[in-house]
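As structure tokens, the structure follows; a few thoughts come after it.
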There are 2 protein chains.
Amino acid sequence: MKSNISALQSARASYKPKLPKILMGPVAKVGLKLGKATKSIADQNEIQKLFTKTYGQPEVSFHAGKNPASLKKPIKVALVLSGGQAPGGHNVVAGLYDGLKKLNPKNILQGYLGGPSGLLENKYIEITDKLLKEYRNTGGFDIIGSGRTKLESREQFEAVARNLKNAGITALVVVGGDDSNTNAAVLAEYFKIQNTPIRVIGCPKTIDGDLKNDQIEISFGFDTATKVYAELAGNVGRDCLSAKKYWHFIKVMGRSASHIALEVALQVHPNVTLISEEVADQQWTLDQITEHVAKVVAERAAQKKNYGVVIIPEGLLEFIPEMKKLISELNDLLAHNPAFERMESAHDKISFVQQRLGADSKKAFQSLPPSIQIQLLADRDPHGNVQVAKIETEKLLIEAVELKLKAWKQQSMYHGKFSGQGHYFGYEGRCAAPSNFDSDYCYSLGFNASYLVASGLTGYLSSVRDLLKPADKWQAGGVPLTMMMNLERRHGKDKPVILKALVELKGKPFKAFAAQRKKWAIEDDYQSPGPIQFWGPVEVANAAPETLKLERGKK
Amino acid sequence: MKSNISALQSARASYKPKLPKILMGPVAKVGLKLGKATKSIADQNEIQKLFTKTYGQPEVSFHAGKNPASLKKPIKVALVLSGGQAPGGHNVVAGLYDGLKKLNPKNILQGYLGGPSGLLENKYIEITDKLLKEYRNTGGFDIIGSGRTKLESREQFEAVARNLKNAGITALVVVGGDDSNTNAAVLAEYFKIQNTPIRVIGCPKTIDGDLKNDQIEISFGFDTATKVYAELAGNVGRDCLSAKKYWHFIKVMGRSASHIALEVALQVHPNVTLISEEVADQQWTLDQITEHVAKVVAERAAQKKNYGVVIIPEGLLEFIPEMKKLISELNDLLAHNPAFERMESAHDKISFVQQRLGADSKKAFQSLPPSIQIQLLADRDPHGNVQVAKIETEKLLIEAVELKLKAWKQQSMYHGKFSGQGHYFGYEGRCAAPSNFDSDYCYSLGFNASYLVASGLTGYLSSVRDLLKPADKWQAGGVPLTMMMNLERRHGKDKPVILKALVELKGKPFKAFAAQRKKWAIEDDYQSPGPIQFWGPVEVANAAPETLKLERGKK
């Protein structure tokens with residue numbers, strides 16, 4: 001063993017992830033059942049035109065039966081990890097590898113390095129037992145690395161096809177979120193059109209939890225990441241009760257959708273949780289959000305509770321109409337603007353911008369504290385866009401709430417003390433050791449992907465369902481990628497993309513939250529879920545996310 | 001059960017913390033063994049003069065023998081939790097309660113509310129089985145709350161004596177850090193002089209780990225808090241290896257001493273760990289620290305590793321001589337300065353200060369980024385002092401390193417990419433559910449305190465030793481508080497205080513770190529300890545802190 005294997009990692013190395021029953025038995029007794037032809041979730045005509053070869057494929061599932069796939073000849077499969085890390089990625093690799101070896105011990109798995117760019121640059125390693133040994137049930141994507149290169153252009157597709165054909169690859173497995181799987185769908189279609197005999201199978205990854213739909217119950221990594229954030233937020237709640245002097249404003253990762261914030265709320269019962277989708281739905285201004293939070297602070301202060309916990313979704317700002325407009329104007333104004341780029345002082349930048357923004361956006365910009373104005377103008381991404389994830393929304397809200405309370409104090413509407421502490425929980429959770437739930441789910445997704453490959457399928461997302469049942473009762477199969485697609489306007493063009501699942505305000509998780517939030521606001525109802533447990537009582541060590549329980553549970 | 005008891009909390013409620021063997025057996029068979037008379041660790045003559053009644057008491061330990069304490073009459077004991085939270089506080093309460101009830105079921109434990117101020121205001125509740133049930137093995141101090149009021153003046157002592165005498169209290173147990181236990185020692189002496197028959201016993205609490213010495217192996221809470229921070233830092237290390245694009249600068253809590261930073265380093269193997277005590281010893285300037293970090297960044301960049309982890313102790317700035325001087329000048333300059341307090345704009349404040357600082361401090365001030373200058377001038381504590389804990393040292397260093405690298409780039413000395421992410425791990429760990437180590441240790445400390453009380457002792461710190469052995473082999477006893485004291489210059493006066501344990505540069509933990517840091521700097525040797533486990537293999541679930549293993553281990 002290397003010098004840096006912790007006791008936990010060493011003990012977890014021997015954990016045998018669970019599988020759906022059908023995948024545990026002999027290969028020869030696995031039958032593929034085809035469902036009915038499918039349609040895309042929206043824009044059927046347009047999507048069908050764009051995916052002439054792969055549109056409408058049936059859902060598939062594995063059941064006891066005769067193995068339909070030709071497995072006599074060994075195959076070589078390519079694997080790529082795409083986008084942000086999510087706990088359990090290594091178990092997808094392990095499952096895929098073990099599945100392929102079970103199908104035929106001579107099958108080979110090649111891991112392409114550093115994400116999709118590895119496919120373009122033809123950089124890969126062979127996955128072996130020895131290599132995997134160190135990575136089973138561990139967090140991170142470091143076994144082969146990940147990256148954010150997007151495979152979109154024809155030239156890229158040609159390069160990928162060339163490299164994979166040269167390497168004798170039969171199938172490519174893409175582990176990624178909605179965008180990466182959209183690209184996988186386009187690539188699958190491209191290969192079909194070109195008569196390139198390479199299959200493409202996706203696996204649903206993202207801690208953000210926004211790759212889900214009627215067919216996909218949850219994306220992997222969401223469980224572990226939210227459990228880490230909930231552990232910390234629960235500890236902070238406990239700290240509130242003991243110290244009784246801070247308001248903790250906690251921003252949680254999750255680029256657009258607020259699933260993470262909602263899940264943490266359901267686990268921890270903070271005093272306030274902002275849900276971006278509700279903010280957009282209600283067309284709240286920043287001032288209204290501030291007032292919403294400040295009211296809870298004031299109500300609690302009236303009960304001598306000058307402490308609390310606020311959960312803020314990372315993408316909040318972009319869901320506030322006035323801020324969305326401001327950010328969009330800033331992007332147009334500043335992207336690749338050499339005059340602006342030459343400016344060094346924050347003061348110059350701010351006045352440059354203020355002279356050029358429209359009236360509404362100027363007002364919105366001026367409503368922000370100087371520290372946030374500076375953040376909006378600094379740190380732009382390679383496309384010149386504002387990096388919303390880097391804006392310290394938690395501090396912005398602390399400052400805004402503080403000002404509001406000051407005004408209320410002058411009007412004798414508030415008599416408390418307010419001291420804010422900002423937190424951002426993000427990188428701490430993306431590469432955590434996967435929970436038992438994610439360890440099992442990921443291993444099953446990868447294992448199942450090998451069976452989809454062996455079945456000769458392409459343009460499918462690996463699907464493992466009935467996740468609230470014990471693992472041996474999970475259903476294994478595949479969902480056509482086109483089934484999840486719709487058209488979205490991006491950069492002025494309609495693009496076929498997998499529909500991103502935002503928090504549904506009529507969905508059970510949000511409703512469960514909404515039904516309790518008044519109580520949580522005023523009472524000290526903090527729940528402390530504690531650290532992820534790998535051993536111990538089943539209800540502790542094998543718990544599924546609250547969101548999943550509410551969405552798919554019996555009640 | 002209440003609605004906010006998590007599955008983990010519910011399962012942990014039934015955990016039975018371990019005890020030293022002697023405390024498990026029948027009360028009548030416990031004998032008190034007295035050691036030799038003791039001396040204070042320094043300034044013996046002065047300390048002896050200040051503690052005429054309690055100086056020189058022997059160390060004591062419990063062994064098989066006859067019970068020396070009169071336990072026929074039931075007693076009433078007062079308990080107070082003092083200062084910042086530390087995981088395991090509730091188990092001290094539980095141990096103390098269970099010990100007292102074992103000694104005599106009619107004994108009563110009264111918890112004074114909100115810290116030492118509860119003693120002054122005579123606010124308390126009786127601790128009962130029913131109340132405790134919800135708190136056993138949980139984090140936080142919320143069972144009776146904590147506070148930072150210092151008991152120092154004669155008037156305060158008189159009020160405490162009056163309240164405790166009126167309540168019929170036999171002994172007061174103070175759970176606190178070095179300062180709180182210093183006050184406990186003074187109070188014990190005061191009671192003796194006044195012939196007030198109230199004993200005072202302390203328990204060594206602080207996540208900072210700086211209340212330790214030859215007699216006290218470790219303070220409680222250190223294990224759990226550092227495990228939480230190491231879990232997160234380990235996850236971030238894993239994230240580095242996967243994403244390969246950020247330098248994470250992580251500030252960890254720990255007011256003065258760098259024990260927490262060092263323990264996290266030993267568990268996680270980050271690329272750079274700053275140790276305040278070394279900075280002070282080497283008389284490093286901020287620029288030298290920056291260069292130290294930037295060099296590692298550059299060396300790694302030369303190996304195409306544009307990522308890494310830096311651990312920064314919270315108190316760092318105060319250990320940099322130039323900054324210490326600056327902060328001290330700012331405190332003198334600005335404390336209760338009405339002209340300054342009236343200023344609203346950051347610009348005015350900064351120029352006010354710059355006109356009045358001495359030449360060295362002015363230079364030091366000007367070397368700081370504007371955001372940090374503003375932090376130094378805002379957020380002053382009630383005494384008018386700079387709140388060093390609130391200064392974002394992690395961001396300061398990111399900015400400073402960035403500037404340094406920019407300069408090196410222009411001189412072609414550096415060719416990498418640098419993108420910093422700041423973190424602060426503090427409040428997330430203070431109230432975490434206690435590890436098995438802390439659960440057992442705290443329960444034993446509290447239980448043992450009840451035996452010290454029953455033995456009629458006063459001015460002692462509860463001591464449980466040989467912590468690396470299985471719990472039943474732990475040694476229970478007491479250490480005279482005066483034994484740990486020395487004189488320190490505070491506010492221009494010599495004060496007797498318990499010696500704060502800083503990181504010893506000649507100690508084994510620092511040496512172990514120093515021996516490996518070159519390797520850790522360049523190689524990707526990150527270790528991921530993972531979340532605290534309460535069940536599972538002993539080496540995972542019952543591990544002691546690395547610092548303790550190195551300090552007290554066999555090798």
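In the structure tokens, the first chain shown is A, the next is B, and so on; residue numbers restart at 1 for each chain, and ligands run from 1 in the order shown.
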- Query: Given a cut-off of 7 Å, which residues of chain B touch chain A, counting only C-alpha atoms, written out as a VMD selection string?
  - Reply: chain B and resid 4 to 8 140 to 142 145 to 146 232 235 to 236 238 to 239 241 to 243 427 to 433 525 to 533 535 to 536 539 to 540
Within 9 Å of Glu318 of chain A, counting only C-alpha atoms, which residues show up once you throw out same-chain ones fewer than 2 positions away? Write them as a PDB file with C-alpha atoms, in the first residue's frame, please.
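Result file is selection39.pdb:
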ATOM      1  CA  SER A 256     -28.379  26.282 -11.470  1.00  0.00           C
ATOM      2  CA  SER A 276     -33.830  29.842  -6.803  1.00  0.00           C
ATOM      3  CA  ALA A 280     -37.719  33.191 -10.323  1.00  0.00           C
ATOM      4  CA  GLY A 315     -26.987  29.994  -8.606  1.00  0.00           C
ATOM      5  CA  LEU A 316     -29.380  32.324  -6.774  1.00  0.00           C
ATOM      6  CA  ILE A 320     -33.302  37.107  -9.636  1.00  0.00           C
ATOM      7  CA  PRO A 321     -34.720  38.796 -12.734  1.00  0.00           C
ATOM      8  CA  GLU A 322     -32.961  42.145 -12.175  1.00  0.00           C
ATOM      9  CA  MET A 323     -29.627  40.419 -11.524  1.00  0.00           C
ATOM     10  CA  LYS A 324     -30.027  38.087 -14.462  1.00  0.00           C
ATOM     11  CA  LYS A 325     -30.508  41.150 -16.650  1.00  0.00           C
ATOM     12  CA  ILE A 327     -25.279  39.905 -15.534  1.00  0.00           C
ATOM     13  CA  VAL A 388     -21.481  33.646 -10.998  1.00  0.00           C
TER      14      VAL A 388
END
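The gap separating atom CA of Trp284 of chain A from atom CA of Leu396 of chain A is 15.9 Å, in Å to one decimal.
Minimum distance to Val297 of chain B across B:His90, B:His259, B:Lys395, B:Lys404 (counting only C-alpha atoms) occurs at B:Lys404.
Those residues of segment 209-372 of chain B that DSSP, working from the backbone, places in strand (DSSP E) are Trp247, His248, Phe249, Ile250, Lys251, Val252, Val272, Thr273, Gly308, Val309, Val310, Ile311, Ile312 and Pro313 of chain B.
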Write the selection just made, keeping C-alpha atoms, as a PDB file, in the first residue's frame?
ATOM      1  CA  TRP B 247      -4.896  26.019  -5.279  1.00  0.00           C
ATOM      2  CA  HIS B 248      -7.018  25.663  -2.148  1.00  0.00           C
ATOM      3  CA  PHE B 249      -5.974  27.908   0.743  1.00  0.00           C
ATOM      4  CA  ILE B 250      -7.648  26.551   3.864  1.00  0.00           C
ATOM      5  CA  LYS B 251      -7.647  28.480   7.105  1.00  0.00           C
ATOM      6  CA  VAL B 252      -8.408  26.292  10.107  1.00  0.00           C
ATOM      7  CA  VAL B 272       2.097  23.580   2.383  1.00  0.00           C
ATOM      8  CA  THR B 273       1.200  23.995   6.029  1.00  0.00           C
ATOM      9  CA  GLY B 308      -2.466  22.193  -4.376  1.00  0.00           C
ATOM     10  CA  VAL B 309      -3.583  22.540  -0.788  1.00  0.00           C
ATOM     11  CA  VAL B 310      -2.277  25.074   1.728  1.00  0.00           C
ATOM     12  CA  ILE B 311      -3.252  24.918   5.420  1.00  0.00           C
ATOM     13  CA  ILE B 312      -3.177  28.173   7.347  1.00  0.00           C
ATOM     14  CA  PRO B 313      -3.611  28.477  11.117  1.00  0.00           C
TER      15      PRO B 313
END
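Relative to atom CA of Pro58 of chain A, atom CA of Arg154 of chain A is found at 27.2 Å.
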- Query: Would you give me, as a PyMOL selection string, the residues in segment 37-179 of chain A that DSSP reads as alpha helix (DSSP H)?
  - Reply: chain A and resi 44-50+89-103+116-121+129-133+154-166+178-179
